[in-house]
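Dropping protein.txt in here (compact mmCIF, C-alpha atoms):
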```txt
# COMPACT_ATOMS: atom_id res chain seq x y z
CA MET Q 27 61.30 16.71 13.72
CA PRO Q 28 57.69 17.71 12.88
CA LEU Q 29 56.71 17.51 9.25
CA THR Q 30 56.24 20.51 6.98
CA ASP Q 31 54.61 20.82 3.57
CA THR Q 32 58.05 21.30 2.04
CA ARG Q 33 59.31 18.04 3.53
CA LEU Q 34 56.11 16.20 2.56
CA ARG Q 35 56.36 17.29 -1.07
CA ALA Q 36 60.02 16.23 -1.12
CA LEU Q 37 59.39 12.67 0.03
CA LYS Q 38 60.23 10.15 -2.70
CA PRO Q 39 59.05 6.52 -3.10
CA LYS Q 40 61.38 3.64 -2.35
CA ASP Q 41 61.33 -0.07 -3.10
CA LYS Q 42 59.44 -0.70 0.13
CA PRO Q 43 56.92 1.38 2.13
CA TYR Q 44 58.51 3.60 4.79
CA LYS Q 45 57.24 5.91 7.54
CA VAL Q 46 58.07 9.52 8.38
CA THR Q 47 56.81 10.66 11.79
CA ASP Q 48 55.25 13.98 12.60
CA GLU Q 49 54.39 14.18 16.29
CA ARG Q 50 52.42 12.40 19.02
CA GLY Q 51 51.56 9.30 17.01
CA LEU Q 52 50.89 10.96 13.65
CA TYR Q 53 53.00 9.85 10.70
CA VAL Q 54 52.90 9.56 6.92
CA GLU Q 55 53.53 6.29 5.12
CA VAL Q 56 55.12 6.57 1.68
CA THR Q 57 54.27 3.69 -0.69
CA PRO Q 58 56.44 2.35 -3.55
CA THR Q 59 53.98 3.92 -6.01
CA GLY Q 60 54.45 7.37 -4.47
CA GLY Q 61 51.34 7.52 -2.29
CA LYS Q 62 51.59 9.44 0.98
CA LEU Q 63 49.13 8.06 3.51
CA TRP Q 64 48.34 9.62 6.87
CA ARG Q 65 48.27 7.25 9.83
CA PHE Q 66 47.76 7.74 13.55
CA ARG Q 67 49.23 5.21 15.96
CA TYR Q 68 47.80 4.76 19.49
CA ARG Q 69 47.45 2.18 22.25
CA ILE Q 70 44.44 0.77 24.08
CA GLY Q 71 45.01 -1.64 26.94
CA GLY Q 72 48.60 -2.20 25.86
CA ALA Q 73 47.61 -3.12 22.31
CA GLN Q 74 48.89 -0.92 19.51
CA LYS Q 75 46.30 0.22 16.98
CA LYS Q 76 46.30 2.30 13.85
CA LEU Q 77 43.82 4.82 12.45
CA CYS Q 78 43.90 5.46 8.69
CA ILE Q 79 43.21 9.13 8.05
CA GLY Q 80 43.64 9.62 4.32
CA SER Q 81 46.21 10.59 1.71
CA TYR Q 82 48.32 13.71 1.24
CA PRO Q 83 47.70 16.24 -0.30
CA ASP Q 84 43.92 15.41 -0.26
CA ILE Q 85 44.23 15.60 3.51
CA SER Q 86 46.48 18.51 4.39
CA LEU Q 87 49.06 18.49 7.18
CA LYS Q 88 46.80 20.70 9.33
CA GLN Q 89 43.76 18.50 8.71
CA ALA Q 90 45.70 15.36 9.58
CA ARG Q 91 46.90 16.94 12.82
CA ASP Q 92 43.33 17.98 13.67
CA VAL Q 93 42.11 14.41 13.14
CA ALA Q 94 44.97 13.06 15.26
CA TYR Q 95 44.11 15.54 18.00
CA GLU Q 96 40.46 14.42 18.07
CA ALA Q 97 41.58 10.79 18.05
CA ARG Q 98 43.84 11.37 21.08
CA ARG Q 99 40.89 12.94 22.90
CA ALA Q 100 38.73 9.93 22.05
CA VAL Q 101 41.38 7.51 23.33
CA ALA Q 102 41.73 9.53 26.54
CA SER Q 103 37.95 9.19 27.02
CA GLY Q 104 38.08 5.41 26.58
CA GLY Q 105 37.11 5.34 22.90
CA ASP Q 106 38.65 3.57 19.96
CA PRO Q 107 38.91 5.85 16.88
CA ALA Q 108 39.64 3.07 14.39
CA PHE Q 109 36.70 0.98 15.63
CA GLU Q 110 34.35 3.97 15.43
CA LYS Q 111 35.53 4.67 11.89
CA ARG Q 112 34.84 1.08 10.86
CA LYS Q 113 31.34 1.31 12.37
CA ARG Q 114 30.67 4.51 10.44
CA LYS Q 115 31.89 2.89 7.22
CA ILE Q 116 29.76 -0.21 7.74
CA ARG Q 117 26.70 1.93 8.49
CA ALA Q 118 27.36 4.10 5.43
CA GLU Q 119 27.61 1.00 3.22
CA PHE Q 120 24.46 -0.44 4.81
CA LEU Q 121 22.50 2.75 4.30
CA SER Q 122 23.68 3.18 0.72
CA ALA Q 123 22.11 -0.21 -0.04
CA GLN Q 124 18.86 0.78 1.66
CA THR Q 125 17.17 2.42 -1.28
CA PHE Q 126 13.65 3.77 -1.10
CA GLU Q 127 12.39 0.93 -3.29
CA ALA Q 128 14.11 -1.75 -1.18
CA VAL Q 129 12.67 -0.36 2.04
CA ALA Q 130 9.25 0.14 0.45
CA ARG Q 131 9.10 -3.47 -0.74
CA GLU Q 132 10.17 -4.64 2.72
CA TYR Q 133 7.45 -2.44 4.24
CA ILE Q 134 4.82 -3.94 1.92
CA GLU Q 135 5.93 -7.47 2.75
CA GLN Q 136 6.46 -7.06 6.50
CA MET Q 137 3.73 -4.61 7.44
CA MET Q 138 1.07 -5.39 4.86
CA VAL Q 139 1.35 -8.91 3.42
CA GLN Q 140 2.37 -10.61 6.67
CA ASN Q 141 -0.19 -8.60 8.64
CA GLY Q 142 -2.94 -9.92 6.40
CA ARG Q 143 -3.89 -6.68 4.67
CA ALA Q 144 -6.46 -7.02 1.91
CA ASP Q 145 -5.14 -8.02 -1.51
CA GLY Q 146 -6.55 -4.85 -3.02
CA THR Q 147 -4.68 -2.72 -0.49
CA ILE Q 148 -1.41 -4.47 -1.33
CA VAL Q 149 -2.00 -4.04 -5.07
CA LYS Q 150 -2.55 -0.31 -4.54
CA ALA Q 151 0.63 -0.03 -2.45
CA ASN Q 152 2.64 -1.59 -5.27
CA TYR Q 153 0.94 0.78 -7.72
CA PHE Q 154 1.98 3.80 -5.64
CA LEU Q 155 5.53 2.45 -5.44
CA ASP Q 156 5.62 2.06 -9.23
CA LYS Q 157 4.69 5.74 -9.56
CA LEU Q 158 7.46 6.85 -7.17
CA ALA Q 159 10.23 4.42 -8.13
CA PRO Q 160 11.47 6.16 -11.32
CA ALA Q 161 12.26 9.30 -9.31
CA ILE Q 162 13.47 8.02 -5.93
CA GLY Q 163 13.46 4.21 -6.11
CA ASN Q 164 17.24 3.88 -6.41
CA ARG Q 165 18.09 6.68 -3.97
CA PRO Q 166 19.38 5.76 -0.48
CA ILE Q 167 16.38 6.39 1.74
CA ASN Q 168 18.39 8.36 4.30
CA GLU Q 169 19.54 10.86 1.63
CA ILE Q 170 16.20 11.71 0.04
CA GLU Q 171 15.12 15.32 0.41
CA PRO Q 172 11.56 16.70 0.25
CA PHE Q 173 11.94 18.21 -3.24
CA GLU Q 174 12.86 14.79 -4.66
CA VAL Q 175 9.53 13.34 -3.48
CA LEU Q 176 7.59 16.42 -4.55
CA ALA Q 177 8.79 16.22 -8.17
CA PRO Q 178 6.98 12.96 -9.13
CA LEU Q 179 3.90 14.07 -7.18
CA LYS Q 180 3.73 17.29 -9.15
CA ARG Q 181 4.05 15.34 -12.39
CA LEU Q 182 1.00 13.31 -11.37
CA GLU Q 183 -0.86 16.52 -10.54
CA ALA Q 184 0.00 17.93 -13.95
CA THR Q 185 -1.91 15.06 -15.56
CA GLY Q 186 -4.94 15.72 -13.35
CA LYS Q 187 -4.32 12.78 -11.02
CA HIS Q 188 -4.71 14.76 -7.80
CA GLU Q 189 -6.05 11.90 -5.73
CA THR Q 190 -3.25 9.59 -6.89
CA ALA Q 191 -0.65 12.24 -6.01
CA LYS Q 192 -2.14 12.58 -2.54
CA LYS Q 193 -2.18 8.83 -1.95
CA CYS Q 194 1.37 8.44 -3.26
CA ARG Q 195 2.56 11.06 -0.76
CA SER Q 196 0.75 9.22 2.03
CA PHE Q 197 2.29 5.89 1.00
CA ALA Q 198 5.78 7.42 0.79
CA GLY Q 199 5.31 8.86 4.28
CA ARG Q 200 4.47 5.43 5.67
CA VAL Q 201 7.61 3.99 4.05
CA PHE Q 202 9.82 6.76 5.47
CA ARG Q 203 8.33 6.32 8.95
CA TYR Q 204 9.02 2.59 8.68
CA GLY Q 205 12.57 3.52 7.67
CA VAL Q 206 12.88 5.69 10.79
CA ALA Q 207 11.57 2.88 13.00
CA THR Q 208 14.10 0.45 11.50
CA THR Q 209 17.03 2.94 11.69
CA ARG Q 210 17.40 3.31 7.92
CA CYS Q 211 16.65 7.05 7.93
CA LYS Q 212 16.23 9.81 10.49
CA SER Q 213 13.06 11.58 9.37
CA ASP Q 214 10.09 11.60 7.03
CA PRO Q 215 10.69 14.24 4.33
CA THR Q 216 7.05 14.04 3.19
CA SER Q 217 6.01 15.78 6.41
CA MET Q 218 7.40 18.95 4.82
CA LEU Q 219 5.07 18.57 1.82
CA LYS Q 220 1.75 19.11 3.57
CA GLY Q 221 -0.01 21.91 1.75
CA ALA Q 222 2.18 21.51 -1.36
CA LEU Q 223 -0.37 19.46 -3.30
CA VAL Q 224 -3.75 20.41 -4.71
CA THR Q 225 -6.56 19.11 -2.51
CA PRO Q 226 -8.58 16.75 -4.71
CA ARG Q 227 -12.31 17.29 -4.94
CA ALA Q 228 -14.37 14.59 -3.31
CA GLN Q 229 -15.71 12.28 -5.99
CA HIS Q 230 -18.60 9.88 -5.67
CA TYR Q 231 -18.86 6.66 -7.60
CA ALA Q 232 -21.38 6.92 -10.41
CA ALA Q 233 -24.57 5.11 -9.47
CA ILE Q 234 -28.08 4.63 -10.84
CA LEU Q 235 -30.70 5.99 -8.46
CA GLU Q 236 -33.91 5.77 -10.53
CA PRO Q 237 -36.01 2.55 -10.65
CA THR Q 238 -36.59 2.60 -14.41
CA GLU Q 239 -32.88 3.13 -15.11
CA LEU Q 240 -31.95 0.36 -12.69
CA GLY Q 241 -34.36 -2.01 -14.43
CA GLY Q 242 -32.74 -1.10 -17.75
CA LEU Q 243 -29.28 -1.86 -16.38
CA LEU Q 244 -30.39 -5.26 -15.09
CA ARG Q 245 -31.85 -6.15 -18.49
CA ALA Q 246 -28.65 -4.99 -20.20
CA ILE Q 247 -26.68 -7.32 -17.91
CA ASP Q 248 -28.97 -10.22 -18.86
CA ASP Q 249 -28.23 -9.44 -22.53
CA PHE Q 250 -24.45 -9.27 -22.00
CA THR Q 251 -22.70 -11.58 -24.49
CA GLY Q 252 -19.19 -11.61 -23.04
CA TYR Q 253 -17.39 -14.15 -20.84
CA MET Q 254 -20.02 -16.09 -18.86
CA VAL Q 255 -18.19 -15.73 -15.52
CA THR Q 256 -18.17 -11.95 -16.03
CA LYS Q 257 -21.90 -12.02 -16.80
CA LEU Q 258 -22.68 -13.96 -13.63
CA ALA Q 259 -20.51 -11.57 -11.59
CA LEU Q 260 -22.49 -8.68 -13.10
CA GLN Q 261 -25.76 -10.41 -12.24
CA ILE Q 262 -24.71 -11.10 -8.64
CA ALA Q 263 -23.06 -7.76 -7.90
CA PRO Q 264 -26.26 -5.65 -7.54
CA HIS Q 265 -27.68 -8.13 -5.02
CA VAL Q 266 -24.90 -8.45 -2.43
CA PHE Q 267 -23.79 -4.87 -1.51
CA VAL Q 268 -20.09 -5.79 -1.36
CA ARG Q 269 -17.17 -3.81 -2.79
CA PRO Q 270 -15.92 -4.95 -6.21
CA GLY Q 271 -12.61 -6.16 -4.74
CA GLU Q 272 -14.45 -8.26 -2.16
CA LEU Q 273 -16.64 -9.79 -4.87
CA ARG Q 274 -13.86 -10.72 -7.28
CA HIS Q 275 -11.74 -12.24 -4.48
CA ALA Q 276 -14.57 -14.48 -3.26
CA GLU Q 277 -13.54 -18.12 -2.81
CA TRP Q 278 -15.79 -21.15 -2.74
CA HIS Q 279 -14.74 -22.26 0.73
CA GLU Q 280 -16.25 -19.01 2.08
CA ILE Q 281 -19.69 -19.71 0.63
CA ASP Q 282 -22.36 -21.94 2.16
CA LEU Q 283 -25.14 -22.41 -0.37
CA VAL Q 284 -27.17 -24.57 2.01
CA ASP Q 285 -27.42 -21.99 4.80
CA GLY Q 286 -27.24 -19.11 2.34
CA VAL Q 287 -24.30 -17.19 3.77
CA TRP Q 288 -21.00 -15.90 2.43
CA LYS Q 289 -18.41 -15.44 5.20
CA ILE Q 290 -15.71 -12.99 4.10
CA PRO Q 291 -12.54 -13.15 6.26
CA ALA Q 292 -11.19 -9.97 7.85
CA GLY Q 293 -8.14 -9.93 5.60
CA LYS Q 294 -10.31 -9.23 2.56
CA MET Q 295 -12.38 -6.47 4.15
CA LYS Q 296 -11.56 -2.78 4.02
CA ALA Q 297 -12.33 -2.34 7.73
CA ARG Q 298 -10.29 -5.44 8.68
CA ARG Q 299 -13.33 -7.10 10.27
CA ALA Q 300 -14.87 -10.38 9.14
CA HIS Q 301 -18.18 -9.86 7.37
CA ALA Q 302 -21.12 -12.18 6.65
CA VAL Q 303 -23.36 -11.69 3.61
CA PRO Q 304 -26.81 -13.33 3.55
CA LEU Q 305 -27.50 -14.85 0.15
CA SER Q 306 -30.95 -14.59 -1.40
CA LYS Q 307 -32.40 -17.46 -3.39
CA GLN Q 308 -31.58 -15.56 -6.59
CA VAL Q 309 -27.91 -15.21 -5.65
CA ARG Q 310 -27.74 -18.87 -4.65
CA GLY Q 311 -29.16 -19.71 -8.08
CA TYR Q 312 -26.48 -17.70 -9.86
CA LEU Q 313 -23.77 -19.27 -7.71
CA THR Q 314 -25.14 -22.75 -8.40
CA ASP Q 315 -24.85 -22.03 -12.13
CA LEU Q 316 -21.25 -20.94 -11.58
CA ALA Q 317 -20.43 -24.03 -9.56
CA GLU Q 318 -21.84 -26.28 -12.30
CA MET Q 319 -19.65 -24.48 -14.85
CA LEU Q 320 -16.38 -24.30 -12.92
CA GLY Q 321 -16.61 -26.54 -9.87
CA ARG Q 322 -16.29 -25.40 -6.27
CA GLU Q 323 -12.54 -24.94 -5.91
CA GLY Q 324 -10.55 -21.71 -5.71
CA TYR Q 325 -11.95 -18.38 -6.81
CA VAL Q 326 -15.65 -18.03 -7.51
CA PHE Q 327 -14.87 -15.49 -10.27
CA PRO Q 328 -11.53 -16.59 -11.74
CA SER Q 329 -9.62 -14.74 -14.41
CA ALA Q 330 -10.31 -15.85 -17.97
CA ARG Q 331 -6.55 -16.41 -18.32
CA SER Q 332 -5.85 -18.37 -15.15
CA SER Q 333 -8.11 -20.09 -12.65
CA LYS Q 334 -5.49 -19.41 -9.98
CA ARG Q 335 -6.10 -15.65 -10.15
CA PRO Q 336 -9.29 -13.66 -9.58
CA MET Q 337 -10.78 -11.62 -12.37
CA SER Q 338 -9.17 -8.25 -12.99
CA GLU Q 339 -10.29 -5.25 -10.97
CA ASN Q 340 -11.31 -3.56 -14.24
CA THR Q 341 -13.44 -6.43 -15.56
CA LEU Q 342 -16.85 -5.31 -14.34
CA ASN Q 343 -16.40 -1.65 -15.26
CA ALA Q 344 -15.07 -2.66 -18.68
CA ALA Q 345 -18.21 -4.78 -19.17
CA PHE Q 346 -20.41 -1.79 -18.31
CA ARG Q 347 -18.56 0.24 -20.96
CA ARG Q 348 -19.15 -2.55 -23.52
CA MET Q 349 -22.84 -2.34 -22.67
CA GLY Q 350 -22.79 1.36 -23.51
CA TYR Q 351 -22.72 2.82 -20.00
CA SER Q 352 -20.16 5.57 -19.40
CA LYS Q 353 -18.15 5.89 -16.19
CA GLU Q 354 -20.34 8.89 -15.32
CA GLU Q 355 -23.42 6.63 -15.42
CA VAL Q 356 -22.48 3.32 -13.78
CA THR Q 357 -19.56 1.86 -11.84
CA ALA Q 358 -19.24 -1.46 -10.06
CA HIS Q 359 -18.61 0.31 -6.76
CA GLY Q 360 -21.61 2.55 -7.36
CA LEU Q 361 -23.94 -0.45 -7.07
CA ARG Q 362 -23.47 -0.15 -3.30
CA ALA Q 363 -24.76 3.42 -3.40
CA THR Q 364 -27.70 2.24 -5.51
CA ALA Q 365 -28.64 -0.41 -2.93
CA SER Q 366 -28.15 1.96 0.00
CA THR Q 367 -30.33 4.65 -1.56
CA PHE Q 368 -33.20 2.35 -2.48
CA LEU Q 369 -33.15 0.48 0.84
CA ASN Q 370 -33.13 3.68 2.89
CA GLU Q 371 -35.84 5.30 0.78
CA SER Q 372 -38.09 2.23 1.15
CA GLY Q 373 -38.55 3.06 4.83
CA LEU Q 374 -38.74 -0.65 5.61
CA TRP Q 375 -35.37 -1.29 7.16
CA ASN Q 376 -33.46 -0.17 10.20
CA PRO Q 377 -30.67 2.18 9.00
CA ASP Q 378 -28.23 0.28 11.22
CA ALA Q 379 -29.12 -2.96 9.44
CA ILE Q 380 -28.44 -1.28 6.08
CA GLU Q 381 -25.08 0.06 7.31
CA ARG Q 382 -24.15 -3.37 8.63
CA ALA Q 383 -25.10 -4.94 5.28
CA LEU Q 384 -22.75 -2.46 3.57
CA ALA Q 385 -19.98 -3.41 6.05
CA HIS Q 386 -19.63 0.17 7.20
CA GLY Q 387 -17.65 0.28 10.45
CA ASP Q 388 -18.91 1.30 13.86
CA SER Q 389 -16.51 3.35 15.96
CA ASN Q 390 -17.99 1.80 19.09
CA VAL Q 391 -16.71 -1.80 19.11
CA VAL Q 392 -19.21 -3.04 21.71
CA ARG Q 393 -22.10 -1.45 19.83
CA GLY Q 394 -20.79 -2.98 16.60
CA ILE Q 395 -20.80 -6.49 18.04
CA TYR Q 396 -24.32 -5.95 19.40
CA HIS Q 397 -25.60 -4.80 16.02
CA ARG Q 398 -24.12 -7.75 14.17
CA GLY Q 399 -26.20 -10.04 16.37
CA LYS Q 400 -29.34 -7.95 16.49
CA HIS Q 401 -29.67 -7.24 12.77
CA TRP Q 402 -28.74 -10.55 11.18
CA ASP Q 403 -32.32 -11.83 10.82
CA GLU Q 404 -33.40 -8.46 9.46
CA ARG Q 405 -30.50 -8.48 7.01
CA VAL Q 406 -31.54 -11.94 5.76
CA ARG Q 407 -35.08 -10.66 5.10
CA MET Q 408 -33.72 -7.47 3.56
CA ALA Q 409 -31.41 -9.38 1.19
CA GLN Q 410 -34.34 -11.45 -0.10
CA TRP Q 411 -36.58 -8.39 -0.40
CA TRP Q 412 -33.90 -6.55 -2.34
CA SER Q 413 -33.37 -9.43 -4.76
CA ASP Q 414 -37.12 -9.73 -5.31
CA TYR Q 415 -37.29 -5.98 -5.92
CA LEU Q 416 -34.47 -6.18 -8.46
CA ASP Q 417 -36.29 -8.98 -10.26
CA GLU Q 418 -39.45 -6.88 -10.41
CA LEU Q 419 -37.50 -3.98 -11.94
CA ARG Q 420 -35.64 -6.28 -14.31
CA LEU Q 421 -38.87 -7.84 -15.61
CA SER Q 422 -40.79 -4.60 -15.91
CA ASN Q 423 -40.39 -1.51 -18.08
CA LYS Q 424 -42.12 0.57 -15.44
CA ALA Q 425 -41.16 1.68 -11.97
CA HIS Q 426 -41.87 -0.92 -9.33
CA ASP Q 427 -45.33 -0.89 -7.83
CA ALA Q 428 -45.22 1.20 -4.66
CA ASN Q 429 -47.19 -1.47 -2.81
CA PHE Q 430 -44.27 -3.86 -3.21
CA GLN Q 431 -42.06 -1.44 -1.33
CA ARG Q 432 -44.32 -1.76 1.67
CA GLN Q 433 -44.07 -5.55 1.88
CA LEU Q 434 -41.83 -7.64 4.02
CA THR Q 435 -40.98 -11.15 2.99
CA GLY Q 436 -40.51 -13.95 5.44
```
Structure rendered as structure tokens:
Amino acid sequence: MPLTDTRLRALKPKDKPYKVTDERGLYVEVTPTGGKLWRFRYRIGGAQKKLCIGSYPDISLKQARDVAYEARRAVASGGDPAFEKRKRKIRAEFLSAQTFEAVAREYIEQMMVQNGRADGTIVKANYFLDKLAPAIGNRPINEIEPFEVLAPLKRLEATGKHETAKKCRSFAGRVFRYGVATTRCKSDPTSMLKGALVTPRAQHYAAILEPTELGGLLRAIDDFTGYMVTKLALQIAPHVFVRPGELRHAEWHEIDLVDGVWKIPAGKMKARRAHAVPLSKQVRGYLTDLAEMLGREGYVFPSARSSKRPMSENTLNAAFRRMGYSKEEVTAHGLRATASTFLNESGLWNPDAIERALAHGDSNVVRGIYHRGKHWDERVRMAQWWSDYLDELRLSNKAHDANFQRQLTG
């Protein structure tokens, strides 16, 4: 006899579990504690199987019959309802453990660290994750909705950090797309946020572009009374055109003081291409002083706290502030703009040689390879000329004699 709600409510527990059938494989199992559990019994290949549906009255009689009907259809089509349910449960448990933070850290390790991305890039990725983690770090990545990502981004905007908000959104998008590729989520919710953030104004790194001011900066560096490694980094930085992160991550095994070249591996370069820096006699002198102080193992510019770590990314800019220069006047990165401006305005050097010295990429790979070969000798002469020019400015209170700008050394 088919079950009814009246009969179901009237069922009482016994010392042992017992079954009361409904129809076509559906039945309710009554437990000694009074639970009433829906079950569906079916056969596949002669083997009897059981599908657990849920408990009454949470699952009504009609709902249980509907589930049993769909299960019979699945069996008729060659499926196994209980097996499919187990798969769904396992996947749900797997996905619930795949939080945004867990997937993001896996992305950083698998796609950035193991692919040899620059240390600075990895540090920034972890910084962006730290900004997002309080809001969505513990959320299953497949459940996150666009508004959940937007909330922390808007909080960053509210503090004026528009560029950080933009980069955090970009980082989150890369994590979500990695999640899609690895079956942890179905879509990238940040794609819905385009246009939701304030477009940050382009900002240029503060840089000195007048000869007398540059001479003053170089003299201020010579008078710096802080940590000697920091002082030598400040003295070298204007000469070599590299980014601050590339300078502070320099290692002694990359530097050949005899041939006067610093070979930076691709993993440390922004453009992911190996880069060679010709070293002037002045730079080799500074590096020799460093080597005599610290030896030639590990980082050229180690942290004051540990020789196993490079100096902090804020060290050089903090030193400029100690010297009285504001962030609107001088930045470590701005020294590249200073060199580029003076070298281009001198009229002495091929613009391509200057761009190659600054490690700016070339979209044409073949042309890029050609230029690396063609301009090396010119870059060596240019590096020495630039160091000599800096010395002239450093030792003089006046702008450099224009005749010097028309000379080529070597």
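Every protein, DNA or RNA residue with an atom at most 9 Å from Gly205 (chain Q), where all atoms listed in the file count and chain neighbours fewer than 5 positions away do not, is listed here: Q:Phe126, Q:Val129, Q:Ala130, Q:Tyr133, Q:Ile167, Q:Asn168, Q:Arg200, Q:Arg210, Q:Cys211, Q:Lys212, Q:Ser213, Q:Asp214.
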Those same residues, written as a PDB file, keeping the file's coordinate frame with C-alpha atoms?
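Result written to part-v4.pdb:
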```pdb
ATOM      1  CA  PHE Q 126      13.650   3.770  -1.100  1.00  0.00           C
ATOM      2  CA  VAL Q 129      12.670  -0.360   2.040  1.00  0.00           C
ATOM      3  CA  ALA Q 130       9.250   0.140   0.450  1.00  0.00           C
ATOM      4  CA  TYR Q 133       7.450  -2.440   4.240  1.00  0.00           C
ATOM      5  CA  ILE Q 167      16.380   6.390   1.740  1.00  0.00           C
ATOM      6  CA  ASN Q 168      18.390   8.360   4.300  1.00  0.00           C
ATOM      7  CA  ARG Q 200       4.470   5.430   5.670  1.00  0.00           C
ATOM      8  CA  ARG Q 210      17.400   3.310   7.920  1.00  0.00           C
ATOM      9  CA  CYS Q 211      16.650   7.050   7.930  1.00  0.00           C
ATOM     10  CA  LYS Q 212      16.230   9.810  10.490  1.00  0.00           C
ATOM     11  CA  SER Q 213      13.060  11.580   9.370  1.00  0.00           C
ATOM     12  CA  ASP Q 214      10.090  11.600   7.030  1.00  0.00           C
TER      13      ASP Q 214
END
```
With all atoms listed in the file as the counted atoms, please give the residues lying no more than 12 Å from region 176-185 of chain Q, apart from itself and same-chain residues fewer than 2 positions off, as a compact mmCIF listing (two decimals) with C-alpha atoms, in the frame of the given file.
```
# COMPACT_ATOMS: atom_id res chain seq x y z
CA PHE Q 154 1.98 3.80 -5.64
CA LEU Q 155 5.53 2.45 -5.44
CA ASP Q 156 5.62 2.06 -9.23
CA LYS Q 157 4.69 5.74 -9.56
CA LEU Q 158 7.46 6.85 -7.17
CA ALA Q 159 10.23 4.42 -8.13
CA PRO Q 160 11.47 6.16 -11.32
CA ALA Q 161 12.26 9.30 -9.31
CA ILE Q 162 13.47 8.02 -5.93
CA GLY Q 163 13.46 4.21 -6.11
CA ILE Q 170 16.20 11.71 0.04
CA GLU Q 171 15.12 15.32 0.41
CA PRO Q 172 11.56 16.70 0.25
CA PHE Q 173 11.94 18.21 -3.24
CA GLU Q 174 12.86 14.79 -4.66
CA LYS Q 187 -4.32 12.78 -11.02
CA HIS Q 188 -4.71 14.76 -7.80
CA GLU Q 189 -6.05 11.90 -5.73
CA THR Q 190 -3.25 9.59 -6.89
CA ALA Q 191 -0.65 12.24 -6.01
CA LYS Q 192 -2.14 12.58 -2.54
CA LYS Q 193 -2.18 8.83 -1.95
CA CYS Q 194 1.37 8.44 -3.26
CA ARG Q 195 2.56 11.06 -0.76
CA SER Q 196 0.75 9.22 2.03
CA PHE Q 197 2.29 5.89 1.00
CA ALA Q 198 5.78 7.42 0.79
CA GLY Q 199 5.31 8.86 4.28
CA PRO Q 215 10.69 14.24 4.33
CA THR Q 216 7.05 14.04 3.19
CA SER Q 217 6.01 15.78 6.41
CA MET Q 218 7.40 18.95 4.82
CA LEU Q 219 5.07 18.57 1.82
CA LYS Q 220 1.75 19.11 3.57
CA GLY Q 221 -0.01 21.91 1.75
CA ALA Q 222 2.18 21.51 -1.36
CA LEU Q 223 -0.37 19.46 -3.30
CA VAL Q 224 -3.75 20.41 -4.71
CA THR Q 225 -6.56 19.11 -2.51
CA PRO Q 226 -8.58 16.75 -4.71
```
- request: Would you list the contacts of Cys78 (chain Q) as a ChimeraX atom specification, taking every protein, DNA or RNA residue within 7 Å and counting only C-alpha atoms, but skipping same-chain residues closer than 5 positions in sequence?
  value: /Q:64-66
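Atom pair CA of Arg322 (chain Q) / CA of Arg310 (chain Q): separated by 13.3 Å.
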task: Would you mind telling me which residue in Q:Gly72, Q:Pro304, Q:Gly51, Q:Gly61 lies nearest to Ala94 (chain Q) when using all atoms listed in the file?
output: Q:Gly51
